[in-house]
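K.L.:
Enclosed is the structure file target_33.txt (compact mmCIF, C-alpha atoms).
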# COMPACT_ATOMS: atom_id res chain seq x y z
CA MET E 141 -37.88 -22.59 -2.08
CA ALA E 142 -36.82 -20.97 -5.33
CA GLU E 143 -34.22 -22.78 -7.37
CA SER E 144 -30.77 -21.20 -7.23
CA ASN E 145 -29.32 -19.73 -10.39
CA PHE E 146 -25.80 -20.42 -9.14
CA VAL E 147 -24.62 -23.82 -10.36
CA ASP E 148 -20.97 -24.64 -9.69
CA TYR E 149 -20.79 -28.32 -10.65
CA VAL E 150 -22.33 -30.40 -13.43
CA LYS E 151 -21.95 -33.94 -14.72
CA ILE E 152 -21.87 -34.45 -18.49
CA CYS E 153 -21.33 -37.42 -20.79
CA CYS E 154 -19.07 -36.50 -23.71
CA ARG E 155 -18.38 -38.40 -26.90
CA SER E 156 -16.09 -37.47 -29.75
CA GLY E 157 -16.80 -38.40 -33.36
CA LYS E 158 -15.47 -41.52 -35.04
CA GLY E 159 -13.20 -41.23 -38.03
CA GLY E 160 -14.54 -41.96 -41.49
CA ARG E 161 -13.35 -45.10 -43.26
CA GLY E 162 -10.96 -44.96 -46.16
CA SER E 163 -12.23 -45.75 -49.64
CA MET E 164 -11.30 -48.87 -51.58
CA HIS E 165 -11.81 -47.66 -55.15
CA MET E 166 -10.20 -48.44 -58.48
CA HIS E 167 -10.07 -45.75 -61.12
CA ARG E 168 -11.88 -46.68 -64.32
CA ALA E 169 -11.93 -44.66 -67.54
CA LYS E 170 -12.05 -45.58 -71.19
CA TYR E 171 -8.81 -43.71 -71.80
CA MET E 172 -7.16 -45.34 -68.75
CA PRO E 173 -8.14 -49.02 -68.49
CA ASN E 174 -5.62 -49.69 -65.70
CA GLY E 175 -6.08 -46.56 -63.65
CA GLY E 176 -5.10 -48.13 -60.38
CA PRO E 177 -6.22 -47.32 -56.86
CA ASP E 178 -7.61 -43.84 -56.12
CA GLY E 179 -9.55 -44.34 -52.88
CA GLY E 180 -9.43 -41.27 -50.62
CA ASP E 181 -8.94 -41.03 -46.85
CA GLY E 182 -11.73 -40.81 -44.32
CA GLY E 183 -12.35 -37.55 -42.48
CA ARG E 184 -11.38 -36.92 -38.87
CA GLY E 185 -14.06 -37.26 -36.23
CA GLY E 186 -15.11 -34.16 -34.33
CA HIS E 187 -13.38 -33.10 -31.11
CA VAL E 188 -15.09 -32.16 -27.85
CA ILE E 189 -13.51 -28.83 -26.88
CA LEU E 190 -13.85 -26.74 -23.73
CA ARG E 191 -13.71 -23.00 -24.28
CA GLY E 192 -13.38 -20.29 -21.62
CA ASN E 193 -16.05 -17.60 -21.88
CA HIS E 194 -16.02 -14.56 -19.59
CA ASN E 195 -19.72 -13.97 -20.30
CA TYR E 196 -20.56 -16.94 -18.07
CA TRP E 197 -19.96 -16.97 -14.33
CA THR E 198 -21.85 -20.15 -13.43
CA LEU E 199 -22.46 -23.56 -15.03
CA LEU E 200 -26.23 -23.05 -15.11
CA HIS E 201 -26.37 -23.22 -18.92
CA LEU E 202 -24.96 -26.78 -18.78
CA ARG E 203 -27.17 -28.10 -16.01
CA PHE E 204 -29.61 -29.87 -18.32
CA GLN E 205 -27.17 -30.59 -21.14
CA ARG E 206 -26.59 -34.21 -20.19
CA HIS E 207 -24.90 -35.38 -23.42
CA VAL E 208 -22.40 -33.70 -25.74
CA PHE E 209 -21.80 -35.54 -29.02
CA ALA E 210 -19.36 -34.42 -31.71
CA GLY E 211 -19.94 -35.22 -35.39
CA HIS E 212 -18.57 -38.27 -37.20
CA GLY E 213 -16.04 -37.99 -39.99
CA GLY E 214 -17.16 -38.64 -43.54
CA ASN E 215 -15.99 -41.63 -45.58
CA GLY E 216 -13.34 -41.25 -48.25
CA GLY E 217 -14.37 -41.23 -51.91
CA GLN E 218 -13.02 -41.88 -55.35
CA SER E 219 -10.45 -39.69 -57.08
CA LYS E 220 -8.52 -39.47 -53.80
CA SER E 221 -11.35 -37.48 -52.23
CA THR E 222 -11.00 -37.03 -48.47
CA GLY E 223 -14.12 -37.42 -46.37
CA ALA E 224 -15.63 -34.45 -44.57
CA GLN E 225 -14.28 -33.61 -41.13
CA GLY E 226 -16.67 -34.27 -38.25
CA GLU E 227 -18.18 -31.22 -36.55
CA ASP E 228 -16.29 -30.17 -33.43
CA LYS E 229 -18.47 -29.63 -30.36
CA TYR E 230 -17.60 -26.64 -28.17
CA ILE E 231 -18.59 -26.39 -24.51
CA ASP E 232 -18.42 -22.82 -23.22
CA VAL E 233 -17.53 -22.66 -19.53
CA PRO E 234 -16.75 -19.78 -17.15
CA CYS E 235 -13.12 -19.04 -16.35
CA GLY E 236 -12.01 -21.05 -13.34
CA THR E 237 -13.63 -24.35 -14.37
CA VAL E 238 -11.78 -27.53 -13.40
CA VAL E 239 -12.69 -30.86 -15.03
CA TYR E 240 -12.37 -34.31 -13.47
CA ASP E 241 -13.13 -37.80 -14.70
CA ALA E 242 -16.41 -38.80 -13.03
CA GLU E 243 -15.40 -42.45 -12.68
CA THR E 244 -11.85 -42.15 -11.33
CA GLY E 245 -11.66 -38.58 -10.01
CA GLU E 246 -8.62 -37.99 -12.25
CA TYR E 247 -7.81 -34.33 -12.93
CA LEU E 248 -8.20 -33.63 -16.66
CA CYS E 249 -7.87 -29.92 -17.35
CA ASP E 250 -8.36 -26.39 -16.07
CA VAL E 251 -9.87 -23.51 -18.05
CA LYS E 252 -8.53 -20.25 -16.63
CA GLU E 253 -8.66 -17.59 -19.36
CA ASP E 254 -11.26 -16.16 -21.70
CA GLY E 255 -10.97 -17.77 -25.13
CA GLN E 256 -8.75 -20.59 -23.89
CA GLU E 257 -9.53 -23.87 -25.65
CA VAL E 258 -8.81 -27.33 -24.28
CA VAL E 259 -9.47 -30.50 -26.29
CA LEU E 260 -11.32 -32.73 -23.84
CA LEU E 261 -11.79 -35.66 -26.23
CA LYS E 262 -10.08 -36.08 -29.59
CA GLY E 263 -12.04 -37.34 -32.54
CA GLY E 264 -10.98 -40.57 -34.23
CA ARG E 265 -8.58 -40.31 -37.14
CA GLY E 266 -9.92 -41.10 -40.56
CA GLY E 267 -8.86 -44.34 -42.21
CA LEU E 268 -6.44 -44.31 -45.13
CA GLY E 269 -7.76 -45.09 -48.59
CA ASN E 270 -6.25 -47.81 -50.77
CA TRP E 271 -4.36 -45.15 -52.72
CA ASN E 272 -1.92 -44.94 -49.78
CA PHE E 273 -1.04 -48.65 -49.91
CA ARG E 274 0.08 -48.96 -53.53
CA THR E 275 3.60 -50.35 -53.94
CA SER E 276 5.71 -51.68 -56.76
CA THR E 277 4.78 -55.22 -55.77
CA ASN E 278 1.14 -54.49 -54.94
CA GLN E 279 -0.08 -52.02 -57.54
CA ALA E 280 -3.77 -52.69 -56.96
CA PRO E 281 -4.38 -52.92 -53.20
CA ARG E 282 -7.95 -53.94 -52.53
CA PHE E 283 -8.17 -52.89 -48.90
CA ALA E 284 -8.52 -49.67 -46.93
CA GLN E 285 -8.42 -48.68 -43.30
CA PRO E 286 -11.49 -48.26 -41.14
CA GLY E 287 -11.64 -45.02 -39.17
CA GLU E 288 -10.61 -44.86 -35.53
CA PRO E 289 -13.51 -45.33 -33.10
CA MET E 290 -15.07 -42.58 -31.04
CA ARG E 291 -14.05 -41.87 -27.45
CA GLU E 292 -16.45 -41.58 -24.54
CA ARG E 293 -16.02 -40.12 -21.08
CA THR E 294 -18.23 -38.87 -18.28
CA VAL E 295 -16.82 -35.76 -16.61
CA ILE E 296 -17.65 -33.55 -13.67
CA MET E 297 -17.05 -29.83 -14.15
CA GLU E 298 -16.38 -27.87 -10.99
CA LEU E 299 -16.30 -24.09 -10.89
CA LYS E 300 -13.89 -22.25 -8.62
CA LEU E 301 -14.51 -18.51 -8.62
CA LEU E 302 -11.65 -16.28 -9.71
CA ALA E 303 -11.39 -13.25 -7.41
CA ASP E 304 -8.74 -11.09 -5.81
CA VAL E 305 -10.14 -11.11 -2.27
CA GLY E 306 -12.15 -13.93 -0.69
CA LEU E 307 -14.27 -13.30 2.41
CA VAL E 308 -14.03 -16.02 5.06
CA GLY E 309 -16.15 -16.02 8.21
CA PHE E 310 -18.86 -17.64 10.27
CA PRO E 311 -22.52 -17.03 9.41
CA ASN E 312 -23.67 -13.49 10.26
CA ALA E 313 -20.11 -12.15 10.40
CA GLY E 314 -21.08 -9.26 8.12
CA LYS E 315 -19.55 -10.54 4.88
CA SER E 316 -22.55 -9.80 2.66
CA THR E 317 -23.05 -6.40 4.29
CA LEU E 318 -19.43 -5.46 3.59
CA LEU E 319 -19.70 -6.60 -0.03
CA SER E 320 -22.90 -4.60 -0.56
CA VAL E 321 -21.25 -1.45 0.87
CA LEU E 322 -17.96 -1.70 -1.02
CA SER E 323 -19.43 -2.75 -4.36
CA SER E 324 -22.63 -2.67 -6.39
CA ALA E 325 -23.42 -6.30 -5.54
CA LYS E 326 -26.80 -6.91 -3.93
CA PRO E 327 -26.43 -10.06 -1.81
CA LYS E 328 -29.23 -11.14 0.46
CA ILE E 329 -28.82 -9.71 3.96
CA ALA E 330 -30.83 -10.79 7.01
CA GLY E 331 -30.44 -11.31 10.74
CA TYR E 332 -30.30 -15.09 10.73
CA PRO E 333 -27.47 -17.58 9.94
CA PHE E 334 -26.82 -18.93 6.45
CA THR E 335 -28.57 -16.03 4.72
CA THR E 336 -26.04 -16.34 1.91
CA MET E 337 -26.68 -19.63 0.10
CA GLU E 338 -24.55 -19.00 -2.97
CA PRO E 339 -21.32 -17.09 -3.69
CA ASN E 340 -21.49 -13.45 -4.74
CA LEU E 341 -18.95 -11.39 -6.66
CA GLY E 342 -18.49 -7.64 -6.45
CA ILE E 343 -16.07 -5.15 -8.00
CA VAL E 344 -14.61 -2.81 -5.39
CA SER E 345 -13.61 0.62 -6.74
CA TYR E 346 -10.31 2.14 -5.66
CA HIS E 347 -8.44 5.35 -6.45
CA ASP E 348 -7.75 6.53 -10.02
CA GLY E 349 -10.26 4.17 -11.63
CA GLN E 350 -8.56 1.06 -10.26
CA SER E 351 -10.53 -1.83 -8.81
CA PHE E 352 -10.35 -5.37 -7.52
CA VAL E 353 -12.81 -8.27 -7.30
CA MET E 354 -14.19 -9.47 -3.96
CA ALA E 355 -15.95 -12.81 -3.46
CA ASP E 356 -18.40 -13.59 -0.65
CA ILE E 357 -19.00 -17.29 0.04
CA PRO E 358 -21.62 -18.73 2.42
CA GLY E 359 -20.55 -18.80 6.06
CA ILE E 360 -18.59 -21.81 7.25
CA ILE E 361 -18.80 -23.43 10.67
CA GLU E 362 -16.50 -25.62 12.72
CA GLY E 363 -16.31 -28.99 10.98
CA ALA E 364 -17.03 -27.56 7.51
CA SER E 365 -13.98 -29.35 6.08
CA GLU E 366 -15.63 -32.62 7.16
CA GLY E 367 -18.94 -31.78 5.51
CA ARG E 368 -20.81 -29.97 8.30
CA GLY E 369 -23.09 -27.08 7.38
CA LEU E 370 -22.64 -26.25 3.73
CA GLY E 371 -19.35 -28.14 4.09
CA LEU E 372 -17.16 -28.59 1.04
CA ARG E 373 -19.77 -27.14 -1.28
CA PHE E 374 -18.33 -23.62 -1.29
CA LEU E 375 -14.92 -23.87 0.41
CA ARG E 376 -13.39 -24.59 -2.98
CA HIS E 377 -14.24 -21.08 -4.17
CA ILE E 378 -11.52 -19.54 -2.01
CA GLU E 379 -8.81 -21.68 -3.63
CA ARG E 380 -8.51 -19.22 -6.52
CA ASN E 381 -8.51 -16.02 -4.42
CA SER E 382 -5.22 -14.16 -4.17
CA LEU E 383 -5.93 -12.91 -0.65
CA LEU E 384 -8.18 -14.14 2.16
CA LEU E 385 -10.02 -11.61 4.33
CA PHE E 386 -11.05 -13.28 7.58
CA MET E 387 -14.00 -11.57 9.25
CA VAL E 388 -14.87 -11.98 12.94
CA PRO E 389 -17.55 -9.87 14.72
CA GLY E 390 -16.31 -7.55 17.44
CA ASP E 391 -18.95 -8.76 19.90
CA THR E 392 -17.55 -12.31 19.81
CA ASP E 393 -16.41 -13.74 23.13
CA ASN E 394 -12.98 -14.71 21.81
CA ILE E 395 -11.89 -13.18 18.48
CA ARG E 396 -8.58 -15.06 18.33
CA LYS E 397 -10.29 -18.41 18.92
CA GLU E 398 -12.84 -17.84 16.15
CA TYR E 399 -10.08 -16.81 13.77
CA GLU E 400 -8.09 -19.95 14.60
CA ILE E 401 -11.16 -22.13 14.03
CA LEU E 402 -11.70 -20.54 10.60
CA LEU E 403 -8.01 -20.91 9.74
CA ASN E 404 -8.05 -24.56 10.78
CA GLU E 405 -11.07 -25.34 8.59
CA VAL E 406 -9.40 -23.67 5.62
CA SER E 407 -6.13 -25.55 6.19
CA GLN E 408 -7.95 -28.89 6.64
CA PHE E 409 -9.66 -28.36 3.31
CA ASN E 410 -6.47 -27.43 1.46
CA PRO E 411 -3.13 -26.87 3.29
CA GLN E 412 -1.87 -24.79 0.35
CA LEU E 413 -4.32 -22.04 1.33
CA LEU E 414 -2.05 -21.22 4.27
CA ASP E 415 0.45 -19.82 1.77
CA LYS E 416 -1.97 -17.06 0.76
CA GLN E 417 -1.79 -13.61 2.30
CA ARG E 418 -4.36 -13.07 5.03
CA VAL E 419 -6.00 -10.03 6.60
CA LEU E 420 -8.22 -10.04 9.69
CA ALA E 421 -11.15 -7.62 9.84
CA VAL E 422 -12.97 -7.20 13.16
CA THR E 423 -16.50 -6.29 12.08
CA LYS E 424 -19.31 -4.48 13.89
CA SER E 425 -16.72 -2.25 15.54
CA ASP E 426 -19.38 0.44 16.00
CA LEU E 427 -20.32 -1.59 19.10
CA LEU E 428 -16.80 -1.04 20.52
CA ASP E 429 -15.36 2.20 21.84
CA ASP E 430 -11.71 3.16 21.34
CA GLU E 431 -10.64 1.92 24.76
CA LEU E 432 -12.22 -1.50 24.23
CA GLN E 433 -10.61 -1.80 20.80
CA GLU E 434 -7.18 -1.18 22.29
CA MET E 435 -7.83 -3.84 24.92
CA LEU E 436 -8.86 -6.35 22.26
CA ARG E 437 -5.77 -5.71 20.14
CA VAL E 438 -3.60 -7.23 22.87
CA ASP E 439 -5.11 -10.69 22.32
CA LEU E 440 -5.37 -10.52 18.51
CA PRO E 441 -3.05 -12.53 16.22
CA THR E 442 0.21 -10.76 15.39
CA ASP E 443 1.13 -12.65 12.22
CA LEU E 444 -1.29 -10.75 9.96
CA PRO E 445 -2.67 -7.21 9.54
CA VAL E 446 -5.76 -6.41 11.66
CA VAL E 447 -8.31 -3.67 11.01
CA PHE E 448 -11.48 -2.71 12.89
CA ILE E 449 -14.39 -1.91 10.56
CA SER E 450 -18.13 -1.27 10.61
CA ALA E 451 -19.95 -1.66 7.29
CA VAL E 452 -23.09 -0.11 8.74
CA ALA E 453 -21.40 2.96 10.22
CA GLY E 454 -18.84 3.16 7.40
CA THR E 455 -15.84 3.30 9.72
CA GLY E 456 -12.52 1.72 8.82
CA LEU E 457 -13.56 0.94 5.23
CA ASN E 458 -11.03 3.22 3.54
CA GLU E 459 -8.30 1.81 5.76
CA LEU E 460 -9.43 -1.70 4.82
CA LYS E 461 -9.37 -0.95 1.08
CA ASP E 462 -5.90 0.60 1.36
CA LEU E 463 -4.68 -2.46 3.24
CA LEU E 464 -6.16 -4.89 0.70
CA TRP E 465 -4.81 -2.93 -2.27
CA GLN E 466 -1.30 -2.81 -0.82
CA ALA E 467 -1.37 -6.53 -0.08
CA LEU E 468 -2.66 -7.41 -3.55
CA ASN E 469 0.05 -5.35 -5.23
CA SER E 470 2.93 -6.32 -2.97
CA GLU E 471 5.89 -8.04 -4.59
CA SER E 472 5.35 -11.24 -2.62
CA ASN E 473 1.80 -11.48 -3.93
CA LYS E 474 2.77 -10.73 -7.52
CA ILE E 475 5.27 -13.60 -7.53
CA LYS E 476 2.44 -16.05 -6.85
CA ALA E 477 -0.03 -15.51 -9.66
CA ILE E 478 -2.87 -17.79 -8.63
CA THR E 479 -4.00 -18.38 -12.19
CA GLN E 480 -0.60 -19.70 -13.30
CA GLU E 481 -0.41 -23.44 -13.83
CA GLU E 482 2.78 -23.87 -11.79
CA SER E 483 1.14 -22.31 -8.71
CA ILE E 484 -1.79 -24.73 -8.66
CA VAL E 485 -1.12 -28.36 -7.80
CA HIS E 486 -3.98 -30.43 -9.13
CA GLN E 487 -4.49 -33.91 -7.79
CA ASN E 488 -6.88 -36.71 -8.46
CA LYS E 489 -9.97 -36.03 -6.41
CA ASP E 490 -12.51 -37.91 -4.34
CA LEU E 491 -15.77 -36.87 -5.98
CA SER E 492 -18.05 -38.86 -3.70
CA HIS E 493 -19.41 -35.71 -2.05
CA LEU E 494 -20.21 -34.18 -5.43
CA GLN E 495 -21.85 -37.39 -6.59
CA GLN E 496 -24.00 -37.37 -3.45
CA GLU E 497 -25.00 -33.74 -3.99
CA LEU E 498 -25.94 -34.50 -7.58
CA GLU E 499 -28.08 -37.42 -6.43
CA ASP E 500 -29.75 -35.33 -3.72
CA GLU E 501 -30.70 -32.70 -6.30
CA GLY E 502 -31.92 -35.27 -8.81
CA GLU E 503 -29.14 -34.44 -11.25
CA ASP E 504 -27.35 -37.79 -11.22
CA GLU E 505 -29.86 -39.99 -12.96
CA ASP E 506 -28.78 -42.51 -15.56
CA ILE E 507 -27.05 -40.51 -18.27
CA SER E 508 -25.48 -43.40 -20.14
CA PHE E 509 -24.80 -43.04 -23.81
CA VAL E 510 -27.55 -43.75 -26.28
CA ASP E 511 -26.97 -46.79 -28.48
CA ILE E 512 -26.16 -46.13 -32.11
CA GLU E 513 -25.30 -48.33 -35.05
CA GLU E 514 -21.52 -48.58 -34.96
CA ILE E 515 -20.95 -50.72 -38.07
CA ASP E 516 -21.60 -49.17 -41.44
CA ASP E 517 -22.16 -51.19 -44.58
CA LEU E 518 -18.80 -52.11 -46.12
CA GLU E 519 -18.02 -51.35 -49.71
CA ASP E 520 -18.28 -54.20 -52.16
CA ILE E 521 -14.69 -55.44 -52.17
CA ASP E 522 -13.13 -58.80 -52.69
CA ASP E 523 -10.70 -58.71 -49.78
CA LEU E 524 -11.00 -56.45 -46.74
CA GLU E 525 -7.88 -56.46 -44.64
CA GLU E 526 -7.82 -54.36 -41.47
CA ILE E 527 -4.55 -52.55 -40.97
CA GLU E 528 -3.76 -51.18 -37.51
CA TYR E 529 -2.49 -47.61 -37.27
CA GLU E 530 0.44 -48.76 -35.17
CA ASP E 531 1.70 -50.89 -38.05
CA LEU E 532 2.03 -47.95 -40.44
Translate this structure into structure tokens?
P.N.:
Amino acid sequence: MAESNFVDYVKICCRSGKGGRGSMHMHRAKYMPNGGPDGGDGGRGGHVILRGNHNYWTLLHLRFQRHVFAGHGGNGGQSKSTGAQGEDKYIDVPCGTVVYDAETGEYLCDVKEDGQEVVLLKGGRGGLGNWNFRTSTNQAPRFAQPGEPMRERTVIMELKLLADVGLVGFPNAGKSTLLSVLSSAKPKIAGYPFTTMEPNLGIVSYHDGQSFVMADIPGIIEGASEGRGLGLRFLRHIERNSLLLFMVPGDTDNIRKEYEILLNEVSQFNPQLLDKQRVLAVTKSDLLDDELQEMLRVDLPTDLPVVFISAVAGTGLNELKDLLWQALNSESNKIKAITQEESIVHQNKDLSHLQQELEDEGEDEDISFVDIEEIDDLEDIDDLEEIEYEDL
């Protein structure tokens, strides 16, 4: 089986740079025998920074990048010279990436926009040189501060696709066929369940050059919220969709029952998804005549718009696009911008299922930090007195 190019979660060990130590130096010159202290400050350690990049739509480029190390700050020098700043390390991620602490499941940050930068780990501050500690009673301080230590953290990055419309349905409900007809996307289509093994995005054209983005996720089954089938692996991708399009085949024994099963799985996964606008599309309607469609409408849910479509025959598609466009641009939908921070309630997360998936795919091997020499040689000074930053 060919390896998938769609990667929506990775585990990475990050480490910021340590701050450079301050210099303990006394100025000496023949024209200035008592020059006094002139030791410079150490440089700041490098940050680890996440940066949104619209050119990426998966985390594939980070799959084998197991460690991210920022540069260390340089030591201070004489003549009040400040040490070099450590090199910042940027991690480019697709928009919609959420980051959690791998050990505790604590929510850390969310990258939602192109070019957005979030400091994941701050570099250590550089130590102050002895020039900063001169006083009227201590005119020749013979101590300097060490730099702040580096910070380490193992994180799990989880991608949640950003789209306007998310397709929700059982396997073989016609989701991929609809996406291929309405957009230029080329998802795999076949006559057996779970043909779609990874999410697909497509841009649906509308009137006057307008468009919206549609996302197709693998089919879910009853019990998906508890891990059955593909389980939680792809349900998270509908959390960022503004509107959910439920799709149930017209030849199903009970359309209302299948819709309620799908709605229950979505609500079990995240109750907040019930606040999203929903549309029900009865697919494969080319198998139903007009009289049968009218009979089925009697038993269909009444709390959401319903449209009969056939992607193969091309019937009902314009009506569907009009319905989706009106719903996306309605005032009630505009008030809830899904990419706004106040509309998304992040909570600490149980990452056990992601840890298990990483182990199953051989991606969760030991990725502990490599050992490095943490203690540099100290300058030749008579007295070295460590001064805590909190005391300054």
K.L.:
If we count all atoms listed in the file and set the cut-off at 10 Å, which residues sit around E:Val422, ignoring sequence neighbours fewer than 4 positions away in its own chain? Please answer as a ChimeraX atom specification.
P.N.:
/E:313-314,386-392,395,433,440,446-450,456
K.L.:
Please identify all polymer residues within 8 Å of E:Ser323, counting only C-alpha atoms, omitting same-chain residues fewer than 2 positions from it, and present them as a ChimeraX atom specification.
P.N.:
/E:319-321,325,342-345
K.L.:
Separation of atom CA of E:Ala451 and atom CA of E:Thr423, in Å?
P.N.:
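Rounded to one decimal, the two atoms are 7.5 Å apart.
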K.L.:
Which of these residues is nearest to E:Gly183, using all atoms listed in the file: E:Met290, E:Leu457, E:Leu318, E:Leu268?
P.N.:
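So, comparing all the options, the nearest one is E:Leu268.
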K.L.:
Go ahead and compute the interatomic distance for atom CA of E:Phe204 and atom CA of E:Arg184, in Å to one decimal.
P.N.:
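That distance, rounded to one decimal, is 28.4 Å.
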K.L.:
Using all atoms listed in the file, I'd like a table of the residues in stretch 364-451 of chain E that come within 7 Å of stretch 297-307 of chain E; for each, show the closest atom pair and its distance in Å rounded to one decimal, ordered by chain and ascending number, as CSV.
P.N.:
residue,atom,partner,partner_atom,distance
E:Arg376,CA,E:Lys300,CA,6.1
E:His377,CA,E:Lys300,CA,4.6
E:Ile378,CA,E:Gly306,CA,5.8
E:Arg380,CA,E:Leu302,CA,5.4
E:Asn381,CA,E:Ala303,CA,5.0
E:Ser382,CA,E:Asp304,CA,5.0
E:Leu383,CA,E:Val305,CA,4.9
E:Leu384,CA,E:Gly306,CA,4.9
E:Leu385,CA,E:Leu307,CA,5.0
E:Phe386,CA,E:Leu307,CA,6.1
K.L.:
Can you list, as a list of chain:residue names, every protein, DNA or RNA residue that comes within 8 Å of stretch 173-181 of chain E when you count only C-alpha atoms, leaving out same-chain residues fewer than 5 positions away?
P.N.:
E:Gly160, E:Arg161, E:Gly162, E:Ser163, E:Met164, E:His165, E:Met166, E:His167, E:Arg168, E:Asn215, E:Gly216, E:Gly217, E:Gln218, E:Ser219, E:Lys220, E:Ser221, E:Thr222, E:Gly223, E:Gly266, E:Gly267, E:Leu268, E:Gly269, E:Asn270, E:Trp271, E:Arg274, E:Gln279, E:Ala280, E:Pro281
K.L.:
Work out how far apart atom CA of E:Gly263 and atom CA of E:Leu199 are and give it in Å to one decimal.
P.N.:
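One can read the atom CA of E:Gly263 to atom CA of E:Leu199 distance as 24.6 Å.
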K.L.:
Considering all atoms listed in the file, state which residue in the set E:Arg155, E:Lys170, E:Lys252, E:Arg191 is at the smallest distance from E:Val208.
P.N.:
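Among E:Arg155, E:Lys170, E:Lys252, E:Arg191, it is E:Arg155 that comes nearest to E:Val208.
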K.L.:
Need the shell around E:Ala210: protein/DNA/RNA residues with any atom at most 7 Å away, counting all atoms listed in the file. Skip same-chain ones fewer than 6 positions apart. Format as a list of chain:residue names?
P.N.:
E:Arg155, E:Ser156, E:Gly157, E:Gly186, E:His187, E:Val188, E:Glu227, E:Asp228, E:Lys229
K.L.:
Could you give me, as a list in words, the residues within 9 Å of E:Trp465, counting all atoms listed in the file and dropping anything in the same chain fewer than 6 positions from it?
P.N.:
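Contacts, in chain order: Tyr346, Ser351 and Phe352 of chain E.
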K.L.:
At the level of all heavy atoms, write stretch 457-461 of chain E to a file as a compact mmCIF listing (two decimals), in the first residue's frame, please.
P.N.:
# COMPACT_ATOMS: atom_id res chain seq x y z
N LEU E 457 -27.80 20.13 -8.63
CA LEU E 457 -26.51 20.69 -8.21
C LEU E 457 -26.55 22.21 -8.13
O LEU E 457 -25.97 22.80 -7.21
CB LEU E 457 -25.40 20.23 -9.17
CG LEU E 457 -25.15 18.72 -9.23
CD1 LEU E 457 -23.97 18.40 -10.14
CD2 LEU E 457 -24.93 18.14 -7.84
N ASN E 458 -27.21 22.86 -9.09
CA ASN E 458 -27.30 24.32 -9.03
C ASN E 458 -28.13 24.75 -7.82
O ASN E 458 -27.79 25.74 -7.15
CB ASN E 458 -27.94 24.85 -10.32
CG ASN E 458 -27.01 24.74 -11.51
OD1 ASN E 458 -25.79 24.76 -11.36
ND2 ASN E 458 -27.58 24.60 -12.71
N GLU E 459 -29.20 24.01 -7.55
CA GLU E 459 -30.00 24.32 -6.37
C GLU E 459 -29.17 24.14 -5.10
O GLU E 459 -29.27 24.95 -4.15
CB GLU E 459 -31.22 23.40 -6.32
CG GLU E 459 -32.12 23.64 -5.13
CD GLU E 459 -33.27 22.64 -5.05
OE1 GLU E 459 -33.42 21.83 -5.99
OE2 GLU E 459 -34.01 22.67 -4.04
N LEU E 460 -28.33 23.10 -5.07
CA LEU E 460 -27.47 22.87 -3.91
C LEU E 460 -26.47 24.00 -3.73
O LEU E 460 -26.28 24.51 -2.61
CB LEU E 460 -26.73 21.54 -4.07
CG LEU E 460 -25.70 21.21 -2.99
CD1 LEU E 460 -26.37 21.06 -1.63
CD2 LEU E 460 -24.92 19.94 -3.34
N LYS E 461 -25.83 24.43 -4.82
CA LYS E 461 -24.86 25.52 -4.71
C LYS E 461 -25.52 26.82 -4.27
O LYS E 461 -24.95 27.57 -3.46
CB LYS E 461 -24.13 25.71 -6.05
CG LYS E 461 -23.17 24.58 -6.38
CD LYS E 461 -22.13 24.99 -7.41
CE LYS E 461 -22.74 25.26 -8.75
NZ LYS E 461 -21.68 25.54 -9.78
